[in-house]
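Here the structure is laid out as structure tokens; the discussion comes afterwards.
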Number of protein chains: 2
Amino acid sequence: MNSIKQPQLSKLCIHTITTKPWKIEEAAKNFSASGVKGITVWRDALEGRNIKDTGKMLRDQGLEIVSLCRGGFFPASDVNKRKLAIDDNRKAIAEAYELGTSMIVLVCGADPCLSLEESRKQIHDGIATVLPDAAAAGIKLAIEPLHPMYADTRSAINTLSQANDMAEELDSPYVGVAVDVYHLWWDPNLETEIKRCGKNGNLMAFHICDWNVPTKDFLLDRGLMGEGCIPIKKIRGWVEETGFNGFNEVEIFSTSYWKEDQGEFLKKIIKAYKGNS
Amino acid sequence: MNSIKQPQLSKLCIHTITTKPWKIEEAAKNFSASGVKGITVWRDALEGRNIKDTGKMLRDQGLEIVSLCRGGFFPASDVNKRKLAIDDNRKAIAEAYELGTSMIVLVCGADPCLSLEESRKQIHDGIATVLPDAAAAGIKLAIEPLHPMYADTRSAINTLSQANDMAEELDSPYVGVAVDVYHLWWDPNLETEIKRCGKNGNLMAFHICDWNVPTKDFLLDRGLMGEGCIPIKKIRGWVEETGFNGFNEVEIFSTSYWKEDQGEFLKKIIKAYKGNS
């Protein structure tokens, strides 16, 4: 583990939701001034804005738009809801194109009224349905396996093995996987599955944060790198061994950090990134 | 799934923690009066009591003492804590023997300061260390894989596959596995691993409850069977296909149910057991 180099500041990307109290314009200006080079845009940050202009604004700040978060949520017991999900994913593809990013992260969805097997089938079919649109727009779809504690309503894809299976089945340069340490750190097969993901050309994104001990909220209590128990550096090592050369994306949902001065929080993110990632 | 028969009342076991507000004497009397035939005793329920007499009291009520909950918590970065854990597991074995049960459920433990690999090694070594004591007392040790959301402090064994691996490695008639639907329902390999567990003679216990949607607390918001999204009947079918003929153990931690009249709650448990398990 000691042989793993400190991550480069030029490879740091921050998700807009991480500094949620900031408008995207503020986030862009402050990220840029701090030497951050990448941004992942959550769709709520685009509300009420011209998307093309917002993309230009971000690039003018020297930021690469790593991805748009998020598409997905395909499964539903109600067929009309499934159609709405397809429409919404096509909308996300159009938004990503306008914004000027080449990737959408998929939180695949789950319906507690359906079996996990049926939810998984609907996820597969949903991705297959929008894939031609994504390919036409040049947008990659990154399947993000979510922690098993979200298997009820957020994702029926809960291990990297499942995400790898689905990406390999769909077998397209426009479908891959997003690896997030928060969701996957506990998995005894993680190293093997990261290797497999990289070998098959499916490793498209790498998200970091930490698992607080104890964690007080199912959604909004993610920790800053180094505050919890995830071996981030070790996992980053596995990711980089595959040849992955993309951004390390900081994605933190935290009611407590959102209450802080976001400028101070940004300093903490950069320090934690350099020291504990 | 429709071919799976309703579970028999004579196979219902309730954990003392499920009706935590009741003293064990009250629980025994009320379980017995309702036709419940099994009880799993949590160690806190024995505090201040003569354990041998308590075992006799339970048997006099017509209850089979299915297991003692719980041993385990082996890993620690501090060697003295590891020794204390060994002592405590030996104490649990002695208590189980006095009580007159033949099984202890192991919540194996995890130390967030250690890697999961090291925690797993210490779990293996801890079980191996106390195994001769367990065998001498005729007490089986059931490794309970816990949900990945407990990988920080409660268990580094988070899938049935891992529990099966460990039980097979330890290769003793006194080591097996406890399958709890709450911890394992999300696992895409669950059916396969239940088959494997049964085939190798390691399926020692089956715990039921439900996953509330949404779940509001990491520990104390378990649902009554049928209230959530776990396919309990389907999983019970897999368990019974292996030849498992033991109890269906209701293990619910719920601050909201603990606030209710426990007699009413017991009626709800039996109804939910018959209808939704």
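Please note that chains go A, B, ... in the order of the structure tokens, that every chain numbers its residues from 1, and that ligands are numbered from 1 in the order shown.
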Can I get the residues of chain A within 7 Å of chain B, each with the closest pair of atoms and their distance in Å to one decimal, using only C-alpha atoms, sorted chain first then ascending number, as CSV?
residue,atom,partner,partner_atom,distance
A:Pro112,CA,B:Cys229,CA,5.4
A:Cys113,CA,B:Cys229,CA,6.9
A:Pro148,CA,B:Trp186,CA,6.3
A:Met149,CA,B:Met149,CA,6.5
A:Ala151,CA,B:Trp186,CA,6.3
A:Asp152,CA,B:Val213,CA,6.8
A:Trp186,CA,B:Pro148,CA,6.3
A:Val213,CA,B:Asp152,CA,6.7
A:Cys229,CA,B:Pro112,CA,5.3
So which residues touch Glu25 of chain A within 10 Å, counting only C-alpha atoms, skipping near sequence neighbours fewer than 5 positions away, as a short mmCIF file (atom, residue, chain, number, x, y, z; two decimals) with C-alpha atoms, in the first residue's frame?
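See selection-v9.cif below for the written result:
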data_model
loop_
_atom_site.label_atom_id
_atom_site.label_comp_id
_atom_site.auth_asym_id
_atom_site.auth_seq_id
_atom_site.Cartn_x
_atom_site.Cartn_y
_atom_site.Cartn_z
CA ASN A 30 -14.31 28.02 -6.34
CA PHE A 31 -13.29 24.60 -7.65
CA ALA A 45 -27.78 21.96 -10.34
CA THR A 54 -23.71 26.19 -18.38
CA MET A 57 -19.26 28.35 -18.34
CA LEU A 58 -17.75 25.23 -16.75
CA GLN A 61 -13.41 27.85 -15.74
#
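For Val175 of chain A, the list of residues within 8 Å, based on only C-alpha atoms and with local chain neighbours fewer than 3 positions off taken out, reads Leu131, Lys140, Leu141, Ala142, Ile143, Ala167, Leu170, Asp171, Ser172 and Asn202 of chain A.
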How would the residues just picked look written out with N, CA, C and O atoms as a PDB file, in the first residue's frame?
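Output saved as selection-v9.pdb:
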ATOM      1  N   LEU A 131     -29.986   2.643 -25.107  1.00  0.00           N
ATOM      2  CA  LEU A 131     -28.594   2.554 -25.579  1.00  0.00           C
ATOM      3  C   LEU A 131     -28.379   3.133 -26.984  1.00  0.00           C
ATOM      4  O   LEU A 131     -27.388   3.860 -27.199  1.00  0.00           O
ATOM      5  N   LYS A 140     -21.632   7.745 -22.887  1.00  0.00           N
ATOM      6  CA  LYS A 140     -21.482   6.449 -22.226  1.00  0.00           C
ATOM      7  C   LYS A 140     -22.395   6.375 -20.997  1.00  0.00           C
ATOM      8  O   LYS A 140     -22.584   7.381 -20.290  1.00  0.00           O
ATOM      9  N   LEU A 141     -22.935   5.190 -20.760  1.00  0.00           N
ATOM     10  CA  LEU A 141     -23.793   4.960 -19.593  1.00  0.00           C
ATOM     11  C   LEU A 141     -23.029   4.119 -18.581  1.00  0.00           C
ATOM     12  O   LEU A 141     -22.649   2.980 -18.890  1.00  0.00           O
ATOM     13  N   ALA A 142     -22.793   4.662 -17.390  1.00  0.00           N
ATOM     14  CA  ALA A 142     -22.005   3.943 -16.376  1.00  0.00           C
ATOM     15  C   ALA A 142     -22.938   3.384 -15.303  1.00  0.00           C
ATOM     16  O   ALA A 142     -23.547   4.141 -14.544  1.00  0.00           O
ATOM     17  N   ILE A 143     -23.037   2.059 -15.278  1.00  0.00           N
ATOM     18  CA  ILE A 143     -23.852   1.371 -14.268  1.00  0.00           C
ATOM     19  C   ILE A 143     -23.131   1.471 -12.931  1.00  0.00           C
ATOM     20  O   ILE A 143     -22.008   1.006 -12.794  1.00  0.00           O
ATOM     21  N   ALA A 167     -22.866  -5.175 -17.808  1.00  0.00           N
ATOM     22  CA  ALA A 167     -22.104  -4.441 -18.830  1.00  0.00           C
ATOM     23  C   ALA A 167     -21.602  -5.401 -19.908  1.00  0.00           C
ATOM     24  O   ALA A 167     -21.633  -5.082 -21.099  1.00  0.00           O
ATOM     25  N   LEU A 170     -24.519  -6.474 -22.150  1.00  0.00           N
ATOM     26  CA  LEU A 170     -24.962  -5.413 -23.065  1.00  0.00           C
ATOM     27  C   LEU A 170     -23.895  -5.139 -24.136  1.00  0.00           C
ATOM     28  O   LEU A 170     -24.217  -4.655 -25.231  1.00  0.00           O
ATOM     29  N   ASP A 171     -22.633  -5.420 -23.803  1.00  0.00           N
ATOM     30  CA  ASP A 171     -21.539  -5.490 -24.758  1.00  0.00           C
ATOM     31  C   ASP A 171     -21.504  -4.329 -25.758  1.00  0.00           C
ATOM     32  O   ASP A 171     -21.626  -4.530 -26.962  1.00  0.00           O
ATOM     33  N   SER A 172     -21.347  -3.136 -25.207  1.00  0.00           N
ATOM     34  CA  SER A 172     -21.303  -1.940 -26.052  1.00  0.00           C
ATOM     35  C   SER A 172     -20.235  -1.000 -25.518  1.00  0.00           C
ATOM     36  O   SER A 172     -20.054  -0.897 -24.300  1.00  0.00           O
ATOM     37  N   ASN A 202     -14.526  -1.867 -19.090  1.00  0.00           N
ATOM     38  CA  ASN A 202     -15.778  -1.300 -18.558  1.00  0.00           C
ATOM     39  C   ASN A 202     -15.604  -0.339 -17.386  1.00  0.00           C
ATOM     40  O   ASN A 202     -16.586   0.176 -16.878  1.00  0.00           O
TER      41      ASN A 202
END
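Closest approach to Tyr182 of chain A among A:Arg90, A:His207, A:Arg59, A:Lys199 is made by A:His207 (distances from only C-alpha atoms).
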>> Just list as a ChimeraX atom specification whatever in segment 174-240 of chain A DSSP marks as alpha helix (DSSP H).
In response: /A:181-184,190-199,232-240
Distance query Ile270 of chain A at most 9 Å, only C-alpha atoms, self and fewer than 2 positions along chain excluded, as a CSV table (one decimal) with C-alpha atoms, in the first residue's frame:
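Just written: out-v4.csv:
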chain,number,residue,atom,x,y,z
A,9,LEU,CA,-4.7,17.4,-7.8
A,12,LEU,CA,-9.6,15.6,-8.6
A,34,SER,CA,-8.5,25.8,-5.9
A,36,VAL,CA,-9.7,21.3,-9.1
A,265,PHE,CA,-15.3,22.5,3.4
A,266,LEU,CA,-13.6,22.7,0.0
A,267,LYS,CA,-10.2,23.2,1.7
A,268,LYS,CA,-10.9,20.1,3.8
A,272,ALA,CA,-8.4,14.8,2.6
A,273,TYR,CA,-7.9,14.0,-1.1
A,274,LYS,CA,-4.2,14.6,-0.9
A,275,GLY,CA,-3.6,12.9,2.4
> Among segment 137-210 of chain B, which residues carry a DSSP assignment of strand (DSSP E), reported as a list in words?
Replying inline: Lys140, Leu141, Ala142, Ile143, Val175, Gly176, Val177, Ala178, Val179, Asp180, Leu203, Met204, Ala205, Phe206, His207, Ile208 and Asp210 of chain B
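With only C-alpha atoms taken into account, the protein and nucleic acid residues at most 7 Å from segment 125-130 of chain B (excluding it and anything under 3 positions from it in its own chain) are Phe74, Ile86, Arg90, Lys121, Gln122, Asp133 and Ala134 of chain B.
Residues with any atom within 12 Å of Lys91 of chain B, counting only C-alpha atoms and excluding same-chain neighbours fewer than 3 positions away, are Arg43, Leu68, Arg70, Gly71, Gly72, Leu84, Ala85, Ile86, Asp87, Asp88, Ala94, Glu95, Ala96, Tyr97, Glu98, Ile104, Val130, Asp133, Ala134 and Ala137 of chain B.
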> Near segment 14-24 of chain B, within 6 Å and counting only C-alpha atoms, which residues show up once chain neighbours fewer than 3 positions away are dropped, as a list in words?
Replying inline: Ala27, Ala28, Ile39, Thr40, Val41, Trp42, Ala45, Glu249, Val250, Glu251, Ile252 and Phe253 of chain B
Residues just named, written with N, CA and C atoms as a PDB file, in the first residue's frame:
ATOM      1  N   ALA B  27     -42.136 -13.666  28.961  1.00  0.00           N
ATOM      2  CA  ALA B  27     -42.062 -14.101  27.563  1.00  0.00           C
ATOM      3  C   ALA B  27     -42.372 -15.586  27.474  1.00  0.00           C
ATOM      4  N   ALA B  28     -41.753 -16.379  28.349  1.00  0.00           N
ATOM      5  CA  ALA B  28     -41.934 -17.839  28.319  1.00  0.00           C
ATOM      6  C   ALA B  28     -43.398 -18.204  28.508  1.00  0.00           C
ATOM      7  N   ILE B  39     -37.790 -20.965  21.757  1.00  0.00           N
ATOM      8  CA  ILE B  39     -37.316 -19.658  22.225  1.00  0.00           C
ATOM      9  C   ILE B  39     -35.806 -19.599  22.024  1.00  0.00           C
ATOM     10  N   THR B  40     -35.333 -18.452  21.535  1.00  0.00           N
ATOM     11  CA  THR B  40     -33.898 -18.203  21.524  1.00  0.00           C
ATOM     12  C   THR B  40     -33.627 -17.119  22.555  1.00  0.00           C
ATOM     13  N   VAL B  41     -32.672 -17.419  23.412  1.00  0.00           N
ATOM     14  CA  VAL B  41     -32.426 -16.568  24.576  1.00  0.00           C
ATOM     15  C   VAL B  41     -31.253 -15.633  24.318  1.00  0.00           C
ATOM     16  N   TRP B  42     -31.500 -14.348  24.457  1.00  0.00           N
ATOM     17  CA  TRP B  42     -30.410 -13.368  24.415  1.00  0.00           C
ATOM     18  C   TRP B  42     -29.809 -13.268  25.809  1.00  0.00           C
ATOM     19  N   ALA B  45     -31.178 -11.285  28.732  1.00  0.00           N
ATOM     20  CA  ALA B  45     -32.404 -11.775  29.383  1.00  0.00           C
ATOM     21  C   ALA B  45     -32.092 -12.660  30.585  1.00  0.00           C
ATOM     22  N   GLU B 249     -37.114 -18.714  13.252  1.00  0.00           N
ATOM     23  CA  GLU B 249     -36.909 -17.865  14.424  1.00  0.00           C
ATOM     24  C   GLU B 249     -37.201 -16.396  14.116  1.00  0.00           C
ATOM     25  N   VAL B 250     -38.152 -15.836  14.833  1.00  0.00           N
ATOM     26  CA  VAL B 250     -38.507 -14.429  14.621  1.00  0.00           C
ATOM     27  C   VAL B 250     -37.592 -13.552  15.479  1.00  0.00           C
ATOM     28  N   GLU B 251     -36.780 -12.766  14.782  1.00  0.00           N
ATOM     29  CA  GLU B 251     -35.812 -11.900  15.464  1.00  0.00           C
ATOM     30  C   GLU B 251     -36.028 -10.471  14.963  1.00  0.00           C
ATOM     31  N   ILE B 252     -36.751  -9.714  15.761  1.00  0.00           N
ATOM     32  CA  ILE B 252     -37.085  -8.338  15.364  1.00  0.00           C
ATOM     33  C   ILE B 252     -36.581  -7.370  16.428  1.00  0.00           C
ATOM     34  N   PHE B 253     -35.780  -6.400  15.990  1.00  0.00           N
ATOM     35  CA  PHE B 253     -35.408  -5.280  16.866  1.00  0.00           C
ATOM     36  C   PHE B 253     -36.198  -4.087  16.357  1.00  0.00           C
TER      37      PHE B 253
END
>> Report, in Å with one decimal, the straight-line distance from atom CA of Ile232 of chain B to atom CA of Val181 of chain B.
In response: 6.9 Å
> What gap, in Å, lies between atom CA of Gly263 of chain B and atom CA of Gly48 of chain B?
Replying inline: 24.2 Å
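Atom CA of Tyr174 of chain A is positioned 24.0 Å from atom CA of Asp44 of chain A.
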